[in-house]
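Okay, structure first, notes after.
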Amino acid sequence: MEATLFTLPSSSRLPPPSLSLKSHFRNPFLTTTHLPPTLRPQSPPHPKIHAAISRTKKEETVEKVKQELDSCHLIAAISYKGLTVSQFQELRTQLPETTKLLVAKNTLVYKAIEGTKWAALKPCMKGMNAWLFVHSEEIPAALKPYRTFQREKKLEDNDFTGAVFEGKFYGPGEFKALENLPTRAEVYAQILGSIKGPASAVVGTIQAPARDLVLTLKAYCKKLEEEGQ
């Protein structure tokens with residue numbers, strides 16, 4: 001019997017598997033992609049822009065408070081916890097032009113008043129406060145709008161937490177003394193009555209509290225100027 005041999009075509013032969021040194025050996029100097037996250041080189045952190053903005057805002061607030069201290073006669077603190085933005089806007093429309101309402105953190109306000117006569121306001125540096133800056137001698141007229149607003153909106157919990165007037169601190173229970181201070185017209189009437197009345201009335205005026213005496217003398221000087229004397 002004759003044997004026949006079958007051979008496969010050369011094109012159908014499978015090539016031997018390619019050998020790569022890269023697949024078997026790793027270069028110990030290439031460590032960029034295979035390191036665990038904790039060992040990968042970290043890029044330097046970017047500067048925190050928001051922190052710089054926050055610091056700038058704080059400095060602006062302190063400067064604004066300092067500006068309000070100029071020609072200020074009284075600073076009062078109001079507990080504003082629970083008040084809405086719309087309520088603040090409404091309140092601002094009811095205040096006299098000589099009274100400014102400012103919302104600021106206690107720490108920033110105290111930084112502005114520290115070392116001044118307004119530092120007596122320190123007992124108010126707790127809780128959430130809004131600040132009234134009164135640029136007028138008419139103290140009762142400056143405080144009355146908030147009292148009215150407080151009553152109409154039933155904000156019993158949002159009371160005055162304190163105030164400083166002429167370097168003296170007034171607590172919540174002492175606000176009646178501020179709200180009952182004589183008006184300018186009443187001081188004028190007092191000085192005119194003292195001048196026209198007996199000497200005892202003049203002595204009584206002189207013995208009145210220092211503020212009344214100062215206002216009385218100012219009123220009298222103004223009256224003389226108006227009369228051309």
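Letters A, B, ... go to the chains of the structure tokens in the order shown; residues in each chain start at 1; ligands are counted from 1 in the same order.
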Legend entry - Selection: 9 Å around Val65 in chain A, only C-alpha atoms, excl. self and same-chain fewer than 4 positions, as a count of residues only: 9
Inset, instruction - Write out as JSON, numbers by chain the residues lying within 10 Å of Ile78 in chain A, counting only C-alpha atoms and excluding same-chain residues fewer than 4 positions away. - result: {"A": [101, 103, 124, 127, 128, 129, 130, 131, 132, 146, 157, 158, 159, 160, 161, 162, 163, 172]}
Inset, instruction - Would you please give, as an MDAnalysis selection string, all residues of range 95-154 of chain A that DSSP assigns to strand (DSSP E or B) based on the backbone? - result: chainID A and resid 99:103 129:134
Residues of the last selection are to be written out with all heavy atoms, as a short mmCIF file (atom, residue, chain, number, x, y, z; two decimals), in the first residue's frame.
data_model
loop_
_atom_site.label_atom_id
_atom_site.label_comp_id
_atom_site.auth_asym_id
_atom_site.auth_seq_id
_atom_site.Cartn_x
_atom_site.Cartn_y
_atom_site.Cartn_z
N THR A 99 -30.70 107.36 61.47
CA THR A 99 -30.50 106.08 62.14
C THR A 99 -30.20 105.00 61.12
O THR A 99 -30.95 104.83 60.16
CB THR A 99 -31.76 105.68 62.95
OG1 THR A 99 -32.04 106.70 63.91
CG2 THR A 99 -31.53 104.37 63.67
N LYS A 100 -29.09 104.29 61.31
CA LYS A 100 -28.67 103.25 60.39
C LYS A 100 -28.77 101.88 61.06
O LYS A 100 -28.37 101.72 62.21
CB LYS A 100 -27.24 103.49 59.91
CG LYS A 100 -27.02 104.84 59.25
CD LYS A 100 -27.85 105.01 58.00
CE LYS A 100 -27.60 106.36 57.35
NZ LYS A 100 -28.45 106.57 56.15
N LEU A 101 -29.29 100.91 60.33
CA LEU A 101 -29.40 99.55 60.82
C LEU A 101 -28.38 98.69 60.09
O LEU A 101 -28.35 98.63 58.86
CB LEU A 101 -30.81 99.00 60.56
CG LEU A 101 -31.07 97.56 61.01
CD1 LEU A 101 -30.96 97.43 62.52
CD2 LEU A 101 -32.44 97.09 60.53
N LEU A 102 -27.53 98.02 60.86
CA LEU A 102 -26.46 97.21 60.28
C LEU A 102 -26.46 95.83 60.94
O LEU A 102 -26.54 95.72 62.15
CB LEU A 102 -25.11 97.89 60.51
CG LEU A 102 -23.86 97.16 60.02
CD1 LEU A 102 -23.88 97.05 58.50
CD2 LEU A 102 -22.60 97.89 60.48
N VAL A 103 -26.36 94.80 60.10
CA VAL A 103 -26.23 93.43 60.60
C VAL A 103 -24.77 93.02 60.47
O VAL A 103 -24.21 93.03 59.37
CB VAL A 103 -27.12 92.45 59.82
CG1 VAL A 103 -26.92 91.02 60.32
CG2 VAL A 103 -28.59 92.85 59.95
N ASN A 129 -27.11 89.70 66.75
CA ASN A 129 -27.51 91.09 66.93
C ASN A 129 -27.50 91.88 65.63
O ASN A 129 -26.65 91.68 64.77
CB ASN A 129 -26.57 91.79 67.92
CG ASN A 129 -26.73 91.28 69.33
OD1 ASN A 129 -27.82 91.31 69.90
ND2 ASN A 129 -25.64 90.78 69.92
N ALA A 130 -28.48 92.76 65.53
CA ALA A 130 -28.44 93.83 64.54
C ALA A 130 -28.14 95.10 65.31
O ALA A 130 -28.48 95.21 66.50
CB ALA A 130 -29.78 93.93 63.81
N TRP A 131 -27.54 96.09 64.65
CA TRP A 131 -27.03 97.26 65.37
C TRP A 131 -27.64 98.54 64.84
O TRP A 131 -27.65 98.79 63.62
CB TRP A 131 -25.51 97.31 65.25
CG TRP A 131 -24.86 96.02 65.62
CD1 TRP A 131 -24.58 94.97 64.80
CD2 TRP A 131 -24.47 95.60 66.94
NE1 TRP A 131 -24.02 93.94 65.51
CE2 TRP A 131 -23.94 94.29 66.82
CE3 TRP A 131 -24.50 96.21 68.19
CZ2 TRP A 131 -23.44 93.58 67.91
CZ3 TRP A 131 -24.01 95.49 69.27
CH2 TRP A 131 -23.49 94.21 69.13
N LEU A 132 -28.15 99.35 65.76
CA LEU A 132 -28.70 100.66 65.42
C LEU A 132 -27.66 101.73 65.74
O LEU A 132 -27.21 101.83 66.89
CB LEU A 132 -29.98 100.95 66.22
CG LEU A 132 -31.30 100.37 65.72
CD1 LEU A 132 -32.43 100.78 66.66
CD2 LEU A 132 -31.62 100.83 64.31
N PHE A 133 -27.30 102.52 64.74
CA PHE A 133 -26.38 103.63 64.94
C PHE A 133 -27.19 104.92 64.81
O PHE A 133 -27.70 105.23 63.73
CB PHE A 133 -25.25 103.60 63.91
CG PHE A 133 -24.35 102.41 64.04
CD1 PHE A 133 -24.69 101.19 63.45
CD2 PHE A 133 -23.17 102.50 64.75
CE1 PHE A 133 -23.86 100.09 63.57
CE2 PHE A 133 -22.33 101.39 64.89
CZ PHE A 133 -22.68 100.19 64.29
N VAL A 134 -27.31 105.64 65.91
CA VAL A 134 -28.15 106.84 65.95
C VAL A 134 -27.25 108.07 65.81
O VAL A 134 -26.42 108.34 66.68
CB VAL A 134 -28.97 106.91 67.26
CG1 VAL A 134 -29.81 108.18 67.27
CG2 VAL A 134 -29.85 105.68 67.40
#
